[in-house]
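Let me begin by presenting the structure, written as C-alpha cells, before commenting on it.
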Amino acid sequence: MSATQHGMDVPHIVALLGAAVVAVPLFKRLGLGSVLGYLAAGLAIGKFGLGLFSDGQTILHVAELGVVIFLFVIGLEMKPSHLWYLRRQIFGLGSLQVVIAAALLTAVGMAFGFSWQVSFVGAAGFVLTSTAIVMSVLGERNELGTSS
C-alpha cells in the first residue's frame, strides 16, 4: 500500500515536517525541549488545530512512526558501559518506580470507571512513555551523566 492510500500525500508530509521545523527550534530556544515542540507541532496541524490530519488511521500511523524514531534516537544516545554502571539503579529503583506509578495510575483509571485491564494498559503506556521523554530531555540538557 502506498502512503496516498492511507491518506498521506506530499502536502500533508510537507506540512508535518514544516510544523516540526518551525516548532522544535522555537521550543528549544525557549528552553522547553524538542519533545514539547514536536507535540505542539502535532497539535497545531492536527484535528484540533488546522485540521490537516483528521483521519484517525493516518494519525495513528504517523504517531507510531514517531514513537519508533524517538525510541531509536534514545537507543543511539545510550552507552552500554554507562548502563552497566547504573544497572542497580535502573533495575532496582527504576523498576520500582515503574511498578508503583503503574499501580497508582491503574487505580486512578479504575476510579474513573474503566476496567482494570484498560486502566493498566493506559497506565503502563503512560509510565513507559514519560520515562522515555524524561530520558530525552535529560539527554538534551547533557544531564544523563550526572549523579543527581
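Each chain of the C-alpha cells is named A, B, ... in the order shown, its residues numbered from 1; ligands are numbered from 1 in display order.
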task: Determine which residues of chain A receive a DSSP assignment of helix (DSSP H, G or I), computed from the backbone, and state them as a ChimeraX atom specification.
output: /A:4-6,10-29,34-45,56-77,80-85,87-111,116-140
message: List as an MDAnalysis selection string the protein and nucleic acid residues near Gly42 in chain A, meaning an atom at most 9 Å away when only C-alpha atoms are counted, but skip any in the same chain fewer than 6 places from it.
response: chainID A and resid 16 19:20 49
Would you export the selected residues with C-alpha atoms as an mmCIF file, in the first residue's frame, please?
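Printed below is result-v8.cif as written:
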```cif
data_model
loop_
_atom_site.group_PDB
_atom_site.id
_atom_site.type_symbol
_atom_site.label_atom_id
_atom_site.label_comp_id
_atom_site.auth_asym_id
_atom_site.auth_seq_id
_atom_site.Cartn_x
_atom_site.Cartn_y
_atom_site.Cartn_z
ATOM 1 C CA LEU A 16 4.101 17.787 9.098
ATOM 2 C CA ALA A 19 5.488 22.335 11.532
ATOM 3 C CA ALA A 20 8.270 20.377 13.223
ATOM 4 C CA GLY A 49 -5.642 22.785 15.091
#
```
Separation of CA of Val99 in chain A from CA of Leu76 in chain A in Å: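 CA of Leu76 in chain A sits 25.7 Å away from CA of Val99 in chain A.
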query: Quick one: of A:Ala103, A:Ala23, A:Ala41, A:Thr129, who's nearest to Val68 in chain A, counting only C-alpha atoms?
result: A:Thr129
message: Give me the residues near Leu43 in chain A as an MDAnalysis selection string, where near means some atom within 12 Å (using only C-alpha atoms) and where sequence neighbours in that chain fewer than 4 positions away do not count.
response: chainID A and resid 16 19:20 23 36:39 47:54 59
task: Would you kindly return, as a list in words, each protein, DNA or RNA residue with an atom no farther than 7 Å from any atom of Ala102 in chain A, considering only C-alpha atoms and excluding same-chain residues fewer than 4 positions away?
output: Val98, Thr106, Phe120, Ala123, Ala124 and Val127 of chain A
